[in-house]
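First comes the structure, then the notes that go with it.
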Amino acid sequence: MEVIRTKSELKSILQRRRKEQSRIGFVPTMGYLHSGHTSLINEAAAVSDVTVVSIFVNPLQFGEGEDFTTYPRDEDHDQREARKAGADILFLPSPEEMYPSPMRFNLHVQEGADVLCGASRPGHFDGVATVVMKLFQLVTPDAAFFGQKDAQQAALITNMVEDFDIDTRIHVIPTIREEDGLAESSRNVRLLPEEREEAPQIYRILNEGASLAEKDGPWTAESWMQDAFQALSGELDYAEIRSYPSLKREQDRTMIAAAALKYKHVRLIDNVIWNTDQRRETE
């Protein structure tokens, strides 16, 4: 595995590999890699000739008072995990390398960024879209891999690729979970013991909400979910059902039930995505 820290070196190596007709897979991350990340790298390595993993804690997507400075970082650990998972190139740029001067242009997401997580984090998804677009320009991947846990991010990147005619296929990989159902996250280590014991209820409520949506309609299910989450100790940020990937408040063939809860030191997100036709066939 090659560890690269500059944009010029990355572009030079990938230009050479493209001349060899190599298929490039890309996994953008913010590091502190866990099994959710490594599953994405595994998927990319299985279908790519060259698997590129980036680790960059992007300051553009952190708002005032958010956890940019305290976001967990462990470069040695990340290098070991990326290598074991099958990465060929690990791109580790500094903020100064990615943004040598203040950005004169930023992408603005016009639809789907002000709901769910974006409702309480104005500008967050503009920062996500801007850095992903920048990384796509550097890597020019044939395919890019995102986790379903960050479903809103995956939806917006899917829509961005379509709107800008970017020749990259987006793969959304199912969420990796602990044995009790809690979605893997680098932030889980910050849960207090009693919070960690309660946290798997998030996934259970979302699943029950999805089932109820098929029987009684999405808005009845959404109201039930909100009541169920209020019974937990975490502060409910949102619990909503929307179409996917448009993220509109309407019924469609594919739907998402999503929620975010704030605990003392960490905010947890999770979701369930389902095809309404398939769920009806199995019930």
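Chain labels follow the order of the structure tokens: the first chain is A, the next B, and so on; residue numbering restarts at 1 in every chain, and ligands are counted from 1 in their shown order.
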Could you pull out the residues in region 64-219 of chain A that DSSP calls helix (DSSP H, G or I) from the backbone, as a PDB file with N, CA and C atoms, in the first residue's frame?
```pdb
ATOM      1  N   GLU A  75      -3.656   7.841  13.002  1.00  0.00           N
ATOM      2  CA  GLU A  75      -3.096   7.544  11.686  1.00  0.00           C
ATOM      3  C   GLU A  75      -2.450   6.163  11.619  1.00  0.00           C
ATOM      4  N   ASP A  76      -1.714   5.772  12.650  1.00  0.00           N
ATOM      5  CA  ASP A  76      -1.075   4.451  12.629  1.00  0.00           C
ATOM      6  C   ASP A  76      -2.111   3.342  12.527  1.00  0.00           C
ATOM      7  N   HIS A  77      -3.145   3.456  13.337  1.00  0.00           N
ATOM      8  CA  HIS A  77      -4.241   2.480  13.293  1.00  0.00           C
ATOM      9  C   HIS A  77      -4.887   2.460  11.908  1.00  0.00           C
ATOM     10  N   ASP A  78      -5.136   3.635  11.356  1.00  0.00           N
ATOM     11  CA  ASP A  78      -5.806   3.716  10.063  1.00  0.00           C
ATOM     12  C   ASP A  78      -4.967   3.099   8.949  1.00  0.00           C
ATOM     13  N   GLN A  79      -3.667   3.307   8.998  1.00  0.00           N
ATOM     14  CA  GLN A  79      -2.809   2.698   7.972  1.00  0.00           C
ATOM     15  C   GLN A  79      -2.863   1.177   8.055  1.00  0.00           C
ATOM     16  N   ARG A  80      -2.817   0.638   9.268  1.00  0.00           N
ATOM     17  CA  ARG A  80      -2.882  -0.824   9.426  1.00  0.00           C
ATOM     18  C   ARG A  80      -4.210  -1.371   8.909  1.00  0.00           C
ATOM     19  N   GLU A  81      -5.308  -0.717   9.286  1.00  0.00           N
ATOM     20  CA  GLU A  81      -6.631  -1.211   8.900  1.00  0.00           C
ATOM     21  C   GLU A  81      -6.852  -1.098   7.391  1.00  0.00           C
ATOM     22  N   ALA A  82      -6.422  -0.002   6.802  1.00  0.00           N
ATOM     23  CA  ALA A  82      -6.592   0.179   5.354  1.00  0.00           C
ATOM     24  C   ALA A  82      -5.792  -0.859   4.581  1.00  0.00           C
ATOM     25  N   ARG A  83      -4.578  -1.116   5.045  1.00  0.00           N
ATOM     26  CA  ARG A  83      -3.738  -2.115   4.370  1.00  0.00           C
ATOM     27  C   ARG A  83      -4.373  -3.500   4.460  1.00  0.00           C
ATOM     28  N   LYS A  84      -4.833  -3.882   5.645  1.00  0.00           N
ATOM     29  CA  LYS A  84      -5.446  -5.205   5.829  1.00  0.00           C
ATOM     30  C   LYS A  84      -6.710  -5.359   4.992  1.00  0.00           C
ATOM     31  N   ALA A  85      -7.449  -4.267   4.821  1.00  0.00           N
ATOM     32  CA  ALA A  85      -8.725  -4.336   4.098  1.00  0.00           C
ATOM     33  C   ALA A  85      -8.554  -4.386   2.591  1.00  0.00           C
ATOM     34  N   PRO A  95      -4.989  19.636   5.920  1.00  0.00           N
ATOM     35  CA  PRO A  95      -5.911  20.709   5.519  1.00  0.00           C
ATOM     36  C   PRO A  95      -5.237  21.724   4.606  1.00  0.00           C
ATOM     37  N   GLU A  96      -3.965  22.002   4.858  1.00  0.00           N
ATOM     38  CA  GLU A  96      -3.237  22.973   4.028  1.00  0.00           C
ATOM     39  C   GLU A  96      -3.029  22.446   2.612  1.00  0.00           C
ATOM     40  N   GLU A  97      -2.889  21.114   2.470  1.00  0.00           N
ATOM     41  CA  GLU A  97      -2.736  20.526   1.147  1.00  0.00           C
ATOM     42  C   GLU A  97      -4.053  20.578   0.378  1.00  0.00           C
ATOM     43  N   MET A  98      -5.144  20.286   1.061  1.00  0.00           N
ATOM     44  CA  MET A  98      -6.444  20.299   0.395  1.00  0.00           C
ATOM     45  C   MET A  98      -6.935  21.718   0.123  1.00  0.00           C
ATOM     46  N   LEU A 116     -33.571  16.175   7.911  1.00  0.00           N
ATOM     47  CA  LEU A 116     -32.833  15.165   8.672  1.00  0.00           C
ATOM     48  C   LEU A 116     -31.639  15.806   9.367  1.00  0.00           C
ATOM     49  N   CYS A 117     -30.423  15.285   9.149  1.00  0.00           N
ATOM     50  CA  CYS A 117     -29.253  15.849   9.836  1.00  0.00           C
ATOM     51  C   CYS A 117     -28.999  17.299   9.443  1.00  0.00           C
ATOM     52  N   GLY A 118     -29.338  17.656   8.210  1.00  0.00           N
ATOM     53  CA  GLY A 118     -29.060  19.005   7.737  1.00  0.00           C
ATOM     54  C   GLY A 118     -29.909  20.073   8.385  1.00  0.00           C
ATOM     55  N   ALA A 119     -31.050  19.688   8.969  1.00  0.00           N
ATOM     56  CA  ALA A 119     -31.926  20.683   9.579  1.00  0.00           C
ATOM     57  C   ALA A 119     -31.261  21.375  10.761  1.00  0.00           C
ATOM     58  N   HIS A 124     -23.582  22.085   6.567  1.00  0.00           N
ATOM     59  CA  HIS A 124     -22.814  20.838   6.685  1.00  0.00           C
ATOM     60  C   HIS A 124     -22.689  20.125   5.354  1.00  0.00           C
ATOM     61  N   PHE A 125     -23.798  19.919   4.669  1.00  0.00           N
ATOM     62  CA  PHE A 125     -23.752  19.133   3.442  1.00  0.00           C
ATOM     63  C   PHE A 125     -23.182  19.913   2.264  1.00  0.00           C
ATOM     64  N   ASP A 126     -23.163  21.246   2.357  1.00  0.00           N
ATOM     65  CA  ASP A 126     -22.405  22.018   1.376  1.00  0.00           C
ATOM     66  C   ASP A 126     -20.918  21.673   1.499  1.00  0.00           C
ATOM     67  N   GLY A 127     -20.450  21.569   2.751  1.00  0.00           N
ATOM     68  CA  GLY A 127     -19.049  21.197   2.975  1.00  0.00           C
ATOM     69  C   GLY A 127     -18.751  19.789   2.520  1.00  0.00           C
ATOM     70  N   VAL A 128     -19.689  18.870   2.758  1.00  0.00           N
ATOM     71  CA  VAL A 128     -19.512  17.491   2.305  1.00  0.00           C
ATOM     72  C   VAL A 128     -19.440  17.440   0.784  1.00  0.00           C
ATOM     73  N   ALA A 129     -20.409  18.068   0.130  1.00  0.00           N
ATOM     74  CA  ALA A 129     -20.446  18.042  -1.331  1.00  0.00           C
ATOM     75  C   ALA A 129     -19.190  18.673  -1.931  1.00  0.00           C
ATOM     76  N   THR A 130     -18.718  19.761  -1.330  1.00  0.00           N
ATOM     77  CA  THR A 130     -17.540  20.447  -1.861  1.00  0.00           C
ATOM     78  C   THR A 130     -16.300  19.563  -1.772  1.00  0.00           C
ATOM     79  N   VAL A 131     -16.072  18.930  -0.631  1.00  0.00           N
ATOM     80  CA  VAL A 131     -14.866  18.118  -0.496  1.00  0.00           C
ATOM     81  C   VAL A 131     -14.959  16.841  -1.331  1.00  0.00           C
ATOM     82  N   VAL A 132     -16.155  16.247  -1.432  1.00  0.00           N
ATOM     83  CA  VAL A 132     -16.283  15.048  -2.253  1.00  0.00           C
ATOM     84  C   VAL A 132     -16.075  15.389  -3.731  1.00  0.00           C
ATOM     85  N   MET A 133     -16.619  16.498  -4.172  1.00  0.00           N
ATOM     86  CA  MET A 133     -16.372  16.921  -5.557  1.00  0.00           C
ATOM     87  C   MET A 133     -14.878  17.137  -5.788  1.00  0.00           C
ATOM     88  N   LYS A 134     -14.202  17.752  -4.826  1.00  0.00           N
ATOM     89  CA  LYS A 134     -12.763  17.995  -4.946  1.00  0.00           C
ATOM     90  C   LYS A 134     -12.004  16.662  -5.003  1.00  0.00           C
ATOM     91  N   LEU A 135     -12.383  15.724  -4.156  1.00  0.00           N
ATOM     92  CA  LEU A 135     -11.736  14.408  -4.161  1.00  0.00           C
ATOM     93  C   LEU A 135     -12.021  13.650  -5.443  1.00  0.00           C
ATOM     94  N   PHE A 136     -13.237  13.756  -5.959  1.00  0.00           N
ATOM     95  CA  PHE A 136     -13.558  13.097  -7.222  1.00  0.00           C
ATOM     96  C   PHE A 136     -12.698  13.657  -8.359  1.00  0.00           C
ATOM     97  N   GLN A 137     -12.432  14.957  -8.328  1.00  0.00           N
ATOM     98  CA  GLN A 137     -11.578  15.552  -9.364  1.00  0.00           C
ATOM     99  C   GLN A 137     -10.145  15.044  -9.263  1.00  0.00           C
ATOM    100  N   LEU A 138      -9.689  14.772  -8.043  1.00  0.00           N
ATOM    101  CA  LEU A 138      -8.326  14.283  -7.848  1.00  0.00           C
ATOM    102  C   LEU A 138      -8.188  12.802  -8.199  1.00  0.00           C
ATOM    103  N   VAL A 139      -9.177  12.006  -7.826  1.00  0.00           N
ATOM    104  CA  VAL A 139      -9.089  10.548  -7.990  1.00  0.00           C
ATOM    105  C   VAL A 139      -9.678  10.083  -9.317  1.00  0.00           C
ATOM    106  N   GLN A 148     -24.321   3.016   4.130  1.00  0.00           N
ATOM    107  CA  GLN A 148     -25.726   3.371   4.300  1.00  0.00           C
ATOM    108  C   GLN A 148     -25.972   4.094   5.612  1.00  0.00           C
ATOM    109  N   LYS A 149     -25.102   3.895   6.609  1.00  0.00           N
ATOM    110  CA  LYS A 149     -25.328   4.591   7.881  1.00  0.00           C
ATOM    111  C   LYS A 149     -25.427   6.096   7.664  1.00  0.00           C
ATOM    112  N   ASP A 150     -24.601   6.621   6.789  1.00  0.00           N
ATOM    113  CA  ASP A 150     -24.675   8.036   6.428  1.00  0.00           C
ATOM    114  C   ASP A 150     -25.542   8.175   5.172  1.00  0.00           C
ATOM    115  N   ALA A 151     -26.795   7.762   5.297  1.00  0.00           N
ATOM    116  CA  ALA A 151     -27.674   7.639   4.131  1.00  0.00           C
ATOM    117  C   ALA A 151     -27.963   8.987   3.477  1.00  0.00           C
ATOM    118  N   GLN A 152     -28.108  10.039   4.265  1.00  0.00           N
ATOM    119  CA  GLN A 152     -28.369  11.345   3.665  1.00  0.00           C
ATOM    120  C   GLN A 152     -27.184  11.788   2.824  1.00  0.00           C
ATOM    121  N   GLN A 153     -25.980  11.584   3.347  1.00  0.00           N
ATOM    122  CA  GLN A 153     -24.779  11.904   2.585  1.00  0.00           C
ATOM    123  C   GLN A 153     -24.740  11.096   1.284  1.00  0.00           C
ATOM    124  N   ALA A 154     -25.004   9.796   1.383  1.00  0.00           N
ATOM    125  CA  ALA A 154     -24.973   8.945   0.191  1.00  0.00           C
ATOM    126  C   ALA A 154     -26.010   9.394  -0.835  1.00  0.00           C
ATOM    127  N   ALA A 155     -27.199   9.774  -0.350  1.00  0.00           N
ATOM    128  CA  ALA A 155     -28.246  10.235  -1.263  1.00  0.00           C
ATOM    129  C   ALA A 155     -27.823  11.508  -1.983  1.00  0.00           C
ATOM    130  N   LEU A 156     -27.270  12.463  -1.245  1.00  0.00           N
ATOM    131  CA  LEU A 156     -26.889  13.732  -1.850  1.00  0.00           C
ATOM    132  C   LEU A 156     -25.729  13.568  -2.828  1.00  0.00           C
ATOM    133  N   ILE A 157     -24.780  12.687  -2.507  1.00  0.00           N
ATOM    134  CA  ILE A 157     -23.681  12.441  -3.443  1.00  0.00           C
ATOM    135  C   ILE A 157     -24.200  11.742  -4.691  1.00  0.00           C
ATOM    136  N   THR A 158     -25.139  10.798  -4.522  1.00  0.00           N
ATOM    137  CA  THR A 158     -25.762  10.153  -5.680  1.00  0.00           C
ATOM    138  C   THR A 158     -26.437  11.189  -6.568  1.00  0.00           C
ATOM    139  N   ASN A 159     -27.161  12.111  -5.965  1.00  0.00           N
ATOM    140  CA  ASN A 159     -27.844  13.148  -6.733  1.00  0.00           C
ATOM    141  C   ASN A 159     -26.847  14.113  -7.376  1.00  0.00           C
ATOM    142  N   MET A 160     -25.758  14.416  -6.665  1.00  0.00           N
ATOM    143  CA  MET A 160     -24.730  15.308  -7.215  1.00  0.00           C
ATOM    144  C   MET A 160     -24.093  14.703  -8.461  1.00  0.00           C
ATOM    145  N   VAL A 161     -23.763  13.432  -8.386  1.00  0.00           N
ATOM    146  CA  VAL A 161     -23.147  12.745  -9.528  1.00  0.00           C
ATOM    147  C   VAL A 161     -24.076  12.777 -10.735  1.00  0.00           C
ATOM    148  N   GLU A 162     -25.374  12.588 -10.487  1.00  0.00           N
ATOM    149  CA  GLU A 162     -26.344  12.626 -11.579  1.00  0.00           C
ATOM    150  C   GLU A 162     -26.467  14.037 -12.158  1.00  0.00           C
ATOM    151  N   ASP A 163     -26.572  15.036 -11.283  1.00  0.00           N
ATOM    152  CA  ASP A 163     -26.772  16.410 -11.757  1.00  0.00           C
ATOM    153  C   ASP A 163     -25.571  16.939 -12.534  1.00  0.00           C
ATOM    154  N   ASN A 188     -18.858   5.849  18.739  1.00  0.00           N
ATOM    155  CA  ASN A 188     -19.463   4.983  19.751  1.00  0.00           C
ATOM    156  C   ASN A 188     -18.623   4.892  21.024  1.00  0.00           C
ATOM    157  N   VAL A 189     -17.305   5.090  20.899  1.00  0.00           N
ATOM    158  CA  VAL A 189     -16.427   4.991  22.070  1.00  0.00           C
ATOM    159  C   VAL A 189     -16.729   6.088  23.088  1.00  0.00           C
ATOM    160  N   ARG A 190     -17.458   7.101  22.677  1.00  0.00           N
ATOM    161  CA  ARG A 190     -17.747   8.217  23.570  1.00  0.00           C
ATOM    162  C   ARG A 190     -19.074   8.052  24.314  1.00  0.00           C
ATOM    163  N   PRO A 193     -21.570   4.071  29.646  1.00  0.00           N
ATOM    164  CA  PRO A 193     -22.025   2.673  29.708  1.00  0.00           C
ATOM    165  C   PRO A 193     -23.535   2.510  29.610  1.00  0.00           C
ATOM    166  N   GLU A 194     -24.285   3.328  30.333  1.00  0.00           N
ATOM    167  CA  GLU A 194     -25.741   3.203  30.283  1.00  0.00           C
ATOM    168  C   GLU A 194     -26.306   3.632  28.932  1.00  0.00           C
ATOM    169  N   GLU A 195     -25.627   4.584  28.266  1.00  0.00           N
ATOM    170  CA  GLU A 195     -26.048   4.998  26.942  1.00  0.00           C
ATOM    171  C   GLU A 195     -25.775   3.892  25.920  1.00  0.00           C
ATOM    172  N   ARG A 196     -24.620   3.238  26.079  1.00  0.00           N
ATOM    173  CA  ARG A 196     -24.280   2.141  25.154  1.00  0.00           C
ATOM    174  C   ARG A 196     -25.292   1.003  25.273  1.00  0.00           C
ATOM    175  N   GLU A 197     -25.778   0.770  26.490  1.00  0.00           N
ATOM    176  CA  GLU A 197     -26.765  -0.293  26.701  1.00  0.00           C
ATOM    177  C   GLU A 197     -28.091   0.048  26.025  1.00  0.00           C
ATOM    178  N   GLU A 198     -28.448   1.313  26.025  1.00  0.00           N
ATOM    179  CA  GLU A 198     -29.722   1.742  25.451  1.00  0.00           C
ATOM    180  C   GLU A 198     -29.669   1.910  23.931  1.00  0.00           C
ATOM    181  N   GLN A 201     -31.603   0.304  20.847  1.00  0.00           N
ATOM    182  CA  GLN A 201     -33.033   0.535  20.678  1.00  0.00           C
ATOM    183  C   GLN A 201     -33.322   1.414  19.458  1.00  0.00           C
ATOM    184  N   ILE A 202     -32.339   2.196  19.047  1.00  0.00           N
ATOM    185  CA  ILE A 202     -32.535   3.073  17.879  1.00  0.00           C
ATOM    186  C   ILE A 202     -32.876   2.239  16.650  1.00  0.00           C
ATOM    187  N   TYR A 203     -32.089   1.206  16.399  1.00  0.00           N
ATOM    188  CA  TYR A 203     -32.309   0.358  15.225  1.00  0.00           C
ATOM    189  C   TYR A 203     -33.628  -0.408  15.346  1.00  0.00           C
ATOM    190  N   ARG A 204     -33.942  -0.880  16.549  1.00  0.00           N
ATOM    191  CA  ARG A 204     -35.192  -1.615  16.751  1.00  0.00           C
ATOM    192  C   ARG A 204     -36.398  -0.729  16.430  1.00  0.00           C
ATOM    193  N   ILE A 205     -36.388   0.498  16.911  1.00  0.00           N
ATOM    194  CA  ILE A 205     -37.514   1.403  16.669  1.00  0.00           C
ATOM    195  C   ILE A 205     -37.645   1.726  15.187  1.00  0.00           C
ATOM    196  N   LEU A 206     -36.527   1.933  14.513  1.00  0.00           N
ATOM    197  CA  LEU A 206     -36.572   2.228  13.079  1.00  0.00           C
ATOM    198  C   LEU A 206     -37.153   1.056  12.291  1.00  0.00           C
ATOM    199  N   ASN A 207     -36.754  -0.161  12.643  1.00  0.00           N
ATOM    200  CA  ASN A 207     -37.302  -1.331  11.954  1.00  0.00           C
ATOM    201  C   ASN A 207     -38.802  -1.460  12.180  1.00  0.00           C
ATOM    202  N   GLU A 208     -39.222  -1.259  13.412  1.00  0.00           N
ATOM    203  CA  GLU A 208     -40.650  -1.341  13.706  1.00  0.00           C
ATOM    204  C   GLU A 208     -41.411  -0.226  12.999  1.00  0.00           C
ATOM    205  N   GLY A 209     -40.782   0.949  12.896  1.00  0.00           N
ATOM    206  CA  GLY A 209     -41.411   2.053  12.179  1.00  0.00           C
ATOM    207  C   GLY A 209     -41.587   1.750  10.706  1.00  0.00           C
ATOM    208  N   ALA A 210     -40.583   1.118  10.105  1.00  0.00           N
ATOM    209  CA  ALA A 210     -40.686   0.752   8.689  1.00  0.00           C
ATOM    210  C   ALA A 210     -41.811  -0.248   8.459  1.00  0.00           C
ATOM    211  N   SER A 211     -41.934  -1.228   9.340  1.00  0.00           N
ATOM    212  CA  SER A 211     -43.010  -2.211   9.220  1.00  0.00           C
ATOM    213  C   SER A 211     -44.374  -1.547   9.390  1.00  0.00           C
ATOM    214  N   LEU A 212     -44.466  -0.650  10.368  1.00  0.00           N
ATOM    215  CA  LEU A 212     -45.729   0.046  10.606  1.00  0.00           C
ATOM    216  C   LEU A 212     -46.098   0.946   9.429  1.00  0.00           C
ATOM    217  N   ALA A 213     -45.105   1.523   8.775  1.00  0.00           N
ATOM    218  CA  ALA A 213     -45.358   2.395   7.634  1.00  0.00           C
ATOM    219  C   ALA A 213     -46.056   1.656   6.505  1.00  0.00           C
ATOM    220  N   GLU A 214     -45.719   0.394   6.324  1.00  0.00           N
ATOM    221  CA  GLU A 214     -46.337  -0.393   5.265  1.00  0.00           C
ATOM    222  C   GLU A 214     -47.778  -0.765   5.607  1.00  0.00           C
ATOM    223  N   LYS A 215     -48.092  -0.828   6.882  1.00  0.00           N
ATOM    224  CA  LYS A 215     -49.438  -1.229   7.301  1.00  0.00           C
ATOM    225  C   LYS A 215     -50.364  -0.019   7.463  1.00  0.00           C
ATOM    226  N   ASP A 216     -49.863   1.024   8.124  1.00  0.00           N
ATOM    227  CA  ASP A 216     -50.724   2.153   8.493  1.00  0.00           C
ATOM    228  C   ASP A 216     -50.338   3.466   7.826  1.00  0.00           C
ATOM    229  N   PRO A 218     -46.864   6.015   6.200  1.00  0.00           N
ATOM    230  CA  PRO A 218     -45.602   6.551   6.744  1.00  0.00           C
ATOM    231  C   PRO A 218     -45.777   7.591   7.834  1.00  0.00           C
ATOM    232  N   TRP A 219     -46.830   8.405   7.765  1.00  0.00           N
ATOM    233  CA  TRP A 219     -46.913   9.494   8.729  1.00  0.00           C
ATOM    234  C   TRP A 219     -47.436   9.002  10.068  1.00  0.00           C
TER     235      TRP A 219
END
```
Inset, instruction - Within 7 Å of Phe56 (chain A), counting only C-alpha atoms, which residues show up once you throw out same-chain ones fewer than 5 positions away? Write them as a list in words, please. - result: Thr29, Met30, Gly31, Leu92 and Pro93 of chain A
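Of the residues under consideration (A:Phe146, A:Tyr238, A:Tyr263, A:Trp224), A:Tyr238 shows the shortest atom-to-atom contact distance to Val115 (chain A) when counting only C-alpha atoms.
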Inset, instruction - Skip region 265-268 of chain A itself and residues of its chain fewer than 3 positions away, then list as JSON, numbers by chain all residues within 7 Å of it, counting only C-alpha atoms. - result: {"A": [187, 190, 191, 260, 261, 262]}
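Here CA of Ser243 (chain A) and CA of Ser120 (chain A) stand 19.6 Å from one another.
Interatomic distance, CA of Gly123 (chain A) to CA of Ile256 (chain A): 22.2 Å.
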Set the distance at 10 Å and use only C-alpha atoms: which residues neighbour Phe62 (chain A) once local chain neighbours fewer than 2 positions away are removed? I'd like the list as a short mmCIF file (atom, residue, chain, number, x, y, z; two decimals) with C-alpha atoms, in the first residue's frame.
```cif
data_model
loop_
_atom_site.label_atom_id
_atom_site.label_comp_id
_atom_site.auth_asym_id
_atom_site.auth_seq_id
_atom_site.Cartn_x
_atom_site.Cartn_y
_atom_site.Cartn_z
CA VAL A 57 -11.17 15.37 8.47
CA ASN A 58 -12.81 18.07 6.41
CA PRO A 59 -13.13 21.40 8.26
CA LEU A 60 -15.73 22.69 5.80
CA GLU A 64 -19.55 26.32 15.07
CA GLY A 65 -19.36 24.33 18.28
CA GLU A 66 -19.06 20.98 16.50
CA ASP A 67 -16.37 18.40 17.14
CA PHE A 68 -13.67 19.16 14.51
CA THR A 69 -10.80 19.46 17.01
CA ARG A 121 -26.44 21.53 10.79
CA PRO A 122 -26.77 24.37 8.27
CA GLY A 123 -24.00 24.32 5.70
CA HIS A 124 -22.81 20.84 6.68
CA PHE A 125 -23.75 19.13 3.44
CA GLY A 127 -19.05 21.20 2.97
CA VAL A 128 -19.51 17.49 2.30
#
```
Inset, instruction - Using DSSP on the backbone coordinates, identify all residues within region 122-253 of chain A classified as strand (DSSP E); present the result as a VMD selection string. - result: chain A and resid 143 to 147 169 to 173 235 to 243
Legend entry - Exercise: Asn275 (chain A) partners within 7 Å, only C-alpha atoms, chain neighbours under 5 positions left out, as a PyMOL selection string: chain A and resi 253-255
Selection export as a JSON list (two decimals), in the first residue's frame, atoms kept: C-alpha atoms:
```
[["chain", "number", "residue", "atom", "x", "y", "z"],
["A", 253, "ARG", "CA", -41.06, 3.02, -4.13],
["A", 254, "THR", "CA", -37.99, 3.37, -1.89],
["A", 255, "MET", "CA", -38.35, 4.91, 1.55]]
```
List the spatial neighbours of Leu10 (chain A) as a short mmCIF file (atom, residue, chain, number, x, y, z; two decimals) with C-alpha atoms, in the first residue's frame - criterion: any atom at most 10 Å away, only C-alpha atoms, same-chain residues fewer than 6 positions off excluded.
```
data_model
loop_
_atom_site.label_atom_id
_atom_site.label_comp_id
_atom_site.auth_asym_id
_atom_site.auth_seq_id
_atom_site.Cartn_x
_atom_site.Cartn_y
_atom_site.Cartn_z
CA GLU A 2 1.34 3.42 -0.98
CA VAL A 3 0.82 6.28 1.46
CA ILE A 4 0.49 9.60 -0.38
CA VAL A 52 -7.89 4.39 -3.21
CA ILE A 89 -3.31 3.80 -2.13
CA LEU A 90 -3.94 5.71 1.09
CA PHE A 91 -4.33 9.44 0.54
CA LEU A 138 -8.33 14.28 -7.85
CA VAL A 139 -9.09 10.55 -7.99
#
```
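Rounded to one decimal, CA of Gly181 (chain A) and CA of Glu222 (chain A) lie 20.5 Å from each other.
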Legend entry - Selection near region 16-20 of chain A, 12 Å with only C-alpha atoms, sequence-local residues under 3 positions removed, as a count of residues only: 19
Inset, instruction - For each of A:Thr175, A:Gln110, A:Gln61, A:Thr168, take the minimum atom-to-atom distance to Gly147 (chain A), counting only C-alpha atoms, then give the residue where this is smallest. - result: A:Thr175
